[in-house]
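J.: Shown below is the structure under consideration.
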Amino acid sequence: MAKDKFKISFCEATAAAFKSLYADKYENAGDVQIFSSNFIYENLEKPKDPSMGRFALPVFRFGKLLEDKPPSIAAKVAPESNKFLSSSQNGPAIVIIEAAGGFLNARPNAELAASSTIEAVLAAGKDYGNSTVGQQRKILIEYSSPNIAKPFGVGHLRSTMIGNSLRKIFKALDYDTMGINFLGDWGTQFGKMIVAYRKWGSEDTLKNNSAQNLLELYVKFHETAKEDSSLDDDAREAFKKLEQGEKSEVELWEKFKNISRTEFDRIYKMLGVEFDWVTSESFLNDKMAAAIESLEKAGLTSISESALIVDIDDPQLPPVLLRKADGATLYATRDVAGLFYRWQEYKFYQSLYVVGSAQSDYFKQLFKLIELKEKAESLSDNDRMSGKVKHIEFGWVKFGDKAMSTRQGNIVILEDVIDKAAELAKKRIKEKNPKLKTIEETSRIIGTGAVIFSQLSVRRQKDVRFDWDQVLNFEGETGPYLQYTHARLCSLLRNYDGKVTTDIDFALLAGNEESRVIDLLADFPDTVEDAARDYDPFYIAAMLLKLAGAFNRFYQRKNAQGKIDRILSDNKELSAARIALVKSVQLVINKGLYLLGLEAPQEM
RNA sequence: GCCCUCGUAGCUCAGUUGGAUAGAGCAGUGGUUUCCUAAACCAAAGGUCGCAGGUUCAAUUCCUGCCGGGGGUACCA
């Protein structure tokens with residue numbers, strides 16, 4: 001929670017009330033617990049129901065200390081605190097405190113909350129929600145990282161969008177952020193592709209719609225290999241040749257790679273996803289030997305079943321394989337080399353790997369390996385990356401009741417989904433707003449917005465179901481709902497013929513609906529920090545939905561006559577006050593959508 | 001077998017370090033537009049929080065066991 005003046009006043013007032021009401025207990029206990037305003041501050045909570053107040057102090061746990069019953073404590077302290085508040089200030093009390101059972105609920109003075117919040121938002125503008133907590137510390141975020149020679153499926157979307165959003169969030173908090181796309185362009189799978197291509201493919205396979213053709217080859221390989229395991233041996237052999245630099249294998253590999261790269265670039269552009277560094281596994285080919293050597297030097301390696309391994313001293317985890325029995329390397333070999341390389345190169349504050357939870361054991365292995373190595377080298381804390389590298393895991397994208405798996409061909413092509421969503425959006429625009437000039441562009445924005453938001457509106461750790469009906473529904477808790485609300489706010493701003501200013505009567509914004517909107521606006525900076533702390537953009541998505549809902553209720557509020565209480569009316573003073581709130585909401589929704597990686601249309 | 005993870009309304013999900021009558025959206029029901037964009041808003045309806053114990057003033061939240069889904073478990077990435 002942000003240190004705002006409302007909370008500070010509340011804490012000082014209640015601490016004073018406790019001291020005077022329970023003077024004998026205070027004498028014995030001293031300046032601890034509820035007698036300390038700092039302690040109270042740390043124990044503030046947010047009520048479940050916003051109508052109960054903006055923040056609250058539960059007093060249950062102080063029953064023993066005060067030898068009093070919680071409801072009785074609250075009932076005594078509330079009026080005493082209020083008395084303290086009104087006597088210590090001239091003018092109206094800054095917060096009003098109410099007892100409710102064992103809780104002390106606090107409601108900031110609506111007019112003061114409106115002025116401090118709206119002034120803060122409008123002064124900061126697009127920078128509202130930013131902070132300097134990052135202090136330019138280096139943070140690496142690896143995300144997306146699809147495998148070459150496979151199509152970009154909905155399954156890749158989760159990592160891509162979570163990472164893309166985290167990159168923006170950390171940038172907003174002034175971290176020196178580096179988004180990394182680590183393409184899978186090496187490994188036995190390319191042996192498989194080469195074998196499959198030679199068996200069933202031709203030049204044509206690489207021409208039209210070739211990414212799709214590559215997928216078919218890949219799936220066919222796995223289907224056939226189930227019956228005939230000699231194919232797997234062939235694949236290992238082909239990869240070994242590739243790794244040894246055999247010309248015909250390398251040529252094929254490069255063709256696969258180029259096809260995929262072109263495809264990926266197009267998709268990232270469509271999604272608005274950015275990276276600061278696009279690298280790949282093969283980039284590390286010449287760095288693996290040194291990595292292995294350093295592990296050997298640290299005395300960590302051994303030979304087991306003719307493979308080179310690091311036994312990581314953990315009964316729960318298997319050893320890390322660095323070299324297979326046939327001498328070829330593995331993904332882990334490259335990842336380890338990559339870890340060392342990035343640490344050496346960037347000396348990061350943190351390095352994040354946005355990768356599915358299926359690989360959580362694997363990351364535990366890697367981190368353990370680092371820990372052992374740095375211990376063996378007896379590095380100083382400053383020189384250790386141990387503890388700075390994190391696996392940001394997330395749940396599966398499920399399709400039907402199965403996890404999406406390229407190998408089983410259970411995959412939905414991302415582009416198909418976006419196309420379908422955009423098409424539907426276009427249809428809706430033609431019905432609702434046929435005069436819109438930018439139909440094509442706007443329907444694209446809405447379609448991608450729907451798809452992206454579907455990935456961010458569930459907590460990171462949980463599986464997310466891909467369901468056509470849900471993705472193509474633009475109502476309720478969806479990206480298009482937020483975008484629509486934004487367009488509506490922009491429309492109000494267009495219709496207002498004055499200038500937006502904070503030179504207004506904030507008392508006109510003291511209604512319940514307005515106060516709810518204002519509370520949420522005030523929470524936004526905290527929400528951004530929460531999202532960074534838990535590496536989960538979901539917090540922002542959830543907050544925006546609440547904000548949009550709160551605004552829409554305000555927008556459609558009816559007066560006593562049952563008519564809409566319009567934001568813009570003949571009452572100039574009222575319109576000026578309301579438009580300042582409108583502008584604030586528009587800025588925050590715009591910023592929030594940006595941090596999530598969605599575009600915010602002006603009109604739709 | 002062992003390890004990890006999840007189990008909340010018909011469906012999809014929230015529920016912050018334990019706290020106030022467990023909240024939204026979708027679907028379904030009823031309503032709101034002389035139109036500041038109805039992709040919206042309002043109302044009613046819908047729940048033994050997987051099951052059983054335990055810790056606590058207080059458990060959906062923490063601990064143990066069981067049941068059920070998913071994942072992982074050295075030469076895939």
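Lettering and numbering for the structure tokens are positional, with chains as A, B, ... in the shown order, residues counted from 1 in each chain, and ligands counted from 1 in the shown order.
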Select from segment 398-503 of chain A every residue with an atom at most 7 Å from any atom of segment 32-45 of chain B, then for each give the shortest pair of atoms and their distance in Å to one decimal, using only C-alpha atoms (C1' of nucleotides), rows by chain and rising number, as CSV.
T.:
residue,atom,partner,partner_atom,distance
A:Phe474,CA,B:A39,C1',5.9
A:Glu475,CA,B:A39,C1',5.8
A:Pro480,CA,B:A39,C1',6.6
A:Tyr481,CA,B:A39,C1',6.0
A:Tyr484,CA,B:A39,C1',6.2
A:Arg488,CA,B:U37,C1',5.9
A:Leu492,CA,B:C36,C1',6.2
J.: Based on the selection just made, write all heavy atoms of those residues as an mmCIF file, in the first residue's frame.
T.:
data_model
loop_
_atom_site.group_PDB
_atom_site.id
_atom_site.type_symbol
_atom_site.label_atom_id
_atom_site.label_comp_id
_atom_site.auth_asym_id
_atom_site.auth_seq_id
_atom_site.Cartn_x
_atom_site.Cartn_y
_atom_site.Cartn_z
ATOM 1 N N PHE A 474 -16.685 -11.048 -26.811
ATOM 2 C CA PHE A 474 -16.113 -9.733 -26.509
ATOM 3 C C PHE A 474 -16.838 -9.053 -25.360
ATOM 4 O O PHE A 474 -16.730 -7.854 -25.166
ATOM 5 C CB PHE A 474 -16.159 -8.830 -27.740
ATOM 6 C CG PHE A 474 -15.380 -9.350 -28.911
ATOM 7 C CD1 PHE A 474 -15.628 -8.891 -30.196
ATOM 8 C CD2 PHE A 474 -14.389 -10.303 -28.729
ATOM 9 C CE1 PHE A 474 -14.903 -9.359 -31.278
ATOM 10 C CE2 PHE A 474 -13.657 -10.787 -29.819
ATOM 11 C CZ PHE A 474 -13.920 -10.323 -31.101
ATOM 12 N N GLU A 475 -17.625 -9.817 -24.633
ATOM 13 C CA GLU A 475 -18.397 -9.207 -23.566
ATOM 14 C C GLU A 475 -17.897 -9.637 -22.191
ATOM 15 O O GLU A 475 -17.333 -10.708 -22.026
ATOM 16 C CB GLU A 475 -19.875 -9.581 -23.724
ATOM 17 C CG GLU A 475 -20.563 -8.672 -24.721
ATOM 18 C CD GLU A 475 -21.746 -9.327 -25.383
ATOM 19 O OE1 GLU A 475 -22.409 -10.129 -24.738
ATOM 20 O OE2 GLU A 475 -21.972 -9.023 -26.576
ATOM 21 N N PRO A 480 -11.622 -6.696 -25.285
ATOM 22 C CA PRO A 480 -12.474 -5.740 -26.000
ATOM 23 C C PRO A 480 -13.352 -4.884 -25.063
ATOM 24 O O PRO A 480 -13.632 -3.720 -25.367
ATOM 25 C CB PRO A 480 -13.340 -6.643 -26.891
ATOM 26 C CG PRO A 480 -12.447 -7.798 -27.169
ATOM 27 C CD PRO A 480 -11.674 -8.024 -25.910
ATOM 28 N N TYR A 481 -13.754 -5.434 -23.941
ATOM 29 C CA TYR A 481 -14.530 -4.650 -22.974
ATOM 30 C C TYR A 481 -13.703 -3.466 -22.476
ATOM 31 O O TYR A 481 -14.190 -2.337 -22.394
ATOM 32 C CB TYR A 481 -14.946 -5.548 -21.807
ATOM 33 C CG TYR A 481 -15.539 -4.824 -20.616
ATOM 34 C CD1 TYR A 481 -16.736 -4.151 -20.699
ATOM 35 C CD2 TYR A 481 -14.875 -4.833 -19.388
ATOM 36 C CE1 TYR A 481 -17.284 -3.498 -19.598
ATOM 37 C CE2 TYR A 481 -15.408 -4.192 -18.275
ATOM 38 C CZ TYR A 481 -16.609 -3.518 -18.386
ATOM 39 O OH TYR A 481 -17.134 -2.875 -17.298
ATOM 40 N N TYR A 484 -13.276 -1.073 -25.351
ATOM 41 C CA TYR A 484 -14.530 -0.355 -25.582
ATOM 42 C C TYR A 484 -14.678 0.785 -24.580
ATOM 43 O O TYR A 484 -15.047 1.908 -24.932
ATOM 44 C CB TYR A 484 -15.705 -1.327 -25.460
ATOM 45 C CG TYR A 484 -17.038 -0.641 -25.528
ATOM 46 C CD1 TYR A 484 -17.529 -0.177 -26.749
ATOM 47 C CD2 TYR A 484 -17.789 -0.429 -24.383
ATOM 48 C CE1 TYR A 484 -18.750 0.480 -26.819
ATOM 49 C CE2 TYR A 484 -19.002 0.223 -24.436
ATOM 50 C CZ TYR A 484 -19.479 0.679 -25.659
ATOM 51 O OH TYR A 484 -20.682 1.331 -25.716
ATOM 52 N N ARG A 488 -14.899 4.754 -25.345
ATOM 53 C CA ARG A 488 -16.004 5.548 -24.820
ATOM 54 C C ARG A 488 -15.470 6.783 -24.075
ATOM 55 O O ARG A 488 -15.980 7.888 -24.221
ATOM 56 C CB ARG A 488 -16.787 4.656 -23.864
ATOM 57 C CG ARG A 488 -18.020 5.250 -23.325
ATOM 58 C CD ARG A 488 -18.667 4.268 -22.372
ATOM 59 N NE ARG A 488 -19.925 3.770 -22.884
ATOM 60 C CZ ARG A 488 -20.676 2.895 -22.226
ATOM 61 N NH1 ARG A 488 -20.267 2.390 -21.082
ATOM 62 N NH2 ARG A 488 -21.811 2.504 -22.726
ATOM 63 N N LEU A 492 -15.959 10.829 -25.024
ATOM 64 C CA LEU A 492 -16.358 11.913 -24.123
ATOM 65 C C LEU A 492 -15.391 13.085 -24.234
ATOM 66 O O LEU A 492 -15.801 14.251 -24.281
ATOM 67 C CB LEU A 492 -16.384 11.407 -22.677
ATOM 68 C CG LEU A 492 -17.568 10.525 -22.288
ATOM 69 C CD1 LEU A 492 -17.291 9.819 -20.971
ATOM 70 C CD2 LEU A 492 -18.838 11.359 -22.193
#
J.: Quick one: residues within 8 Å of segment 512-522 of chain A, only C-alpha atoms (C1' of nucleotides) counted, chain neighbours fewer than 3 positions away excluded, as a PyMOL selection string?
T.: chain A and resi 50+54+110+113-114+117-118+121+509+525+543+546-547+550-551+553-554+581+584-585+588
J.: Determine, using only C-alpha atoms, which residues of segment 162-260 of chain A have any atom at most 10 Å from an atom of segment 271-290 of chain A, and tabulate each with its shortest atom pair and distance in Å to one decimal place, rows ordered by chain and then rising number, as a tab-separated table.
T.:
residue	atom	partner	partner_atom	distance
A:Gly163	CA	A:Val273	CA	9.2
A:Asn164	CA	A:Val273	CA	6.1
A:Ser165	CA	A:Val273	CA	8.9
A:Arg167	CA	A:Phe275	CA	8.8
A:Lys168	CA	A:Glu274	CA	9.7
A:Thr177	CA	A:Asp276	CA	8.5
A:Met178	CA	A:Asp276	CA	5.6
A:Gly179	CA	A:Phe275	CA	4.7
A:Ile180	CA	A:Trp277	CA	4.9
A:Asn181	CA	A:Val278	CA	4.7
A:Phe182	CA	A:Ser280	CA	4.7
A:Leu183	CA	A:Ser280	CA	4.3
A:Gly184	CA	A:Glu281	CA	5.7
A:Asp185	CA	A:Glu281	CA	5.7
A:Trp186	CA	A:Glu281	CA	5.8
A:Gly187	CA	A:Glu281	CA	8.5
A:Glu243	CA	A:Asn285	CA	8.7
J.: If you take only C-alpha atoms (C1' of nucleotides) and a cut-off of 12 Å, which residues of chain B touch chain A, and what are their nearest atom pairs and distances in Å to one decimal, in chain and number order, as a tab-separated table?
T.:
residue	atom	partner	partner_atom	distance
B:C2	C1'	A:Gln316	CA	7.9
B:C3	C1'	A:Gln316	CA	6.5
B:C4	C1'	A:Asp361	CA	8.0
B:U5	C1'	A:Ser357	CA	8.6
B:C6	C1'	A:Lys462	CA	7.6
B:G7	C1'	A:Lys462	CA	11.8
B:C11	C1'	A:Gln470	CA	10.2
B:U12	C1'	A:Gln470	CA	8.1
B:C13	C1'	A:Val458	CA	6.9
B:A14	C1'	A:Ala542	CA	8.3
B:G15	C1'	A:Lys48	CA	8.6
B:U16	C1'	A:Lys46	CA	9.1
B:U17	C1'	A:Asn43	CA	9.7
B:G18	C1'	A:Arg61	CA	11.9
B:G19	C1'	A:Pro58	CA	7.3
B:A20	C1'	A:Gly101	CA	7.1
B:U21	C1'	A:Asp49	CA	10.9
B:A22	C1'	A:Lys48	CA	10.1
B:G23	C1'	A:Lys48	CA	8.8
B:A24	C1'	A:Glu477	CA	8.4
B:G25	C1'	A:Gly476	CA	5.3
B:C26	C1'	A:Gly476	CA	7.5
B:A27	C1'	A:Gln470	CA	11.2
B:U32	C1'	A:Gly562	CA	9.5
B:U33	C1'	A:Ile564	CA	10.1
B:U34	C1'	A:Lys563	CA	11.8
B:C35	C1'	A:Ile564	CA	11.2
B:C36	C1'	A:Leu568	CA	5.9
B:U37	C1'	A:Arg488	CA	5.9
B:A38	C1'	A:Lys432	CA	10.0
B:A39	C1'	A:Glu475	CA	5.8
B:A40	C1'	A:Asn552	CA	7.1
B:C41	C1'	A:Gln556	CA	5.9
B:C42	C1'	A:Arg553	CA	9.4
B:U56	C1'	A:Arg61	CA	10.9
B:C57	C1'	A:Phe60	CA	7.0
B:A58	C1'	A:Phe60	CA	8.5
B:G69	C1'	A:Asp401	CA	9.9
B:G70	C1'	A:Ala403	CA	8.7
B:G71	C1'	A:Ala358	CA	5.6
B:G72	C1'	A:Ala358	CA	6.5
B:U73	C1'	A:Pro318	CA	7.7
B:A74	C1'	A:Pro318	CA	6.0
B:C75	C1'	A:Lys324	CA	4.9
B:C76	C1'	A:Thr188	CA	7.2
B:A77	C1'	A:Tyr331	CA	6.2
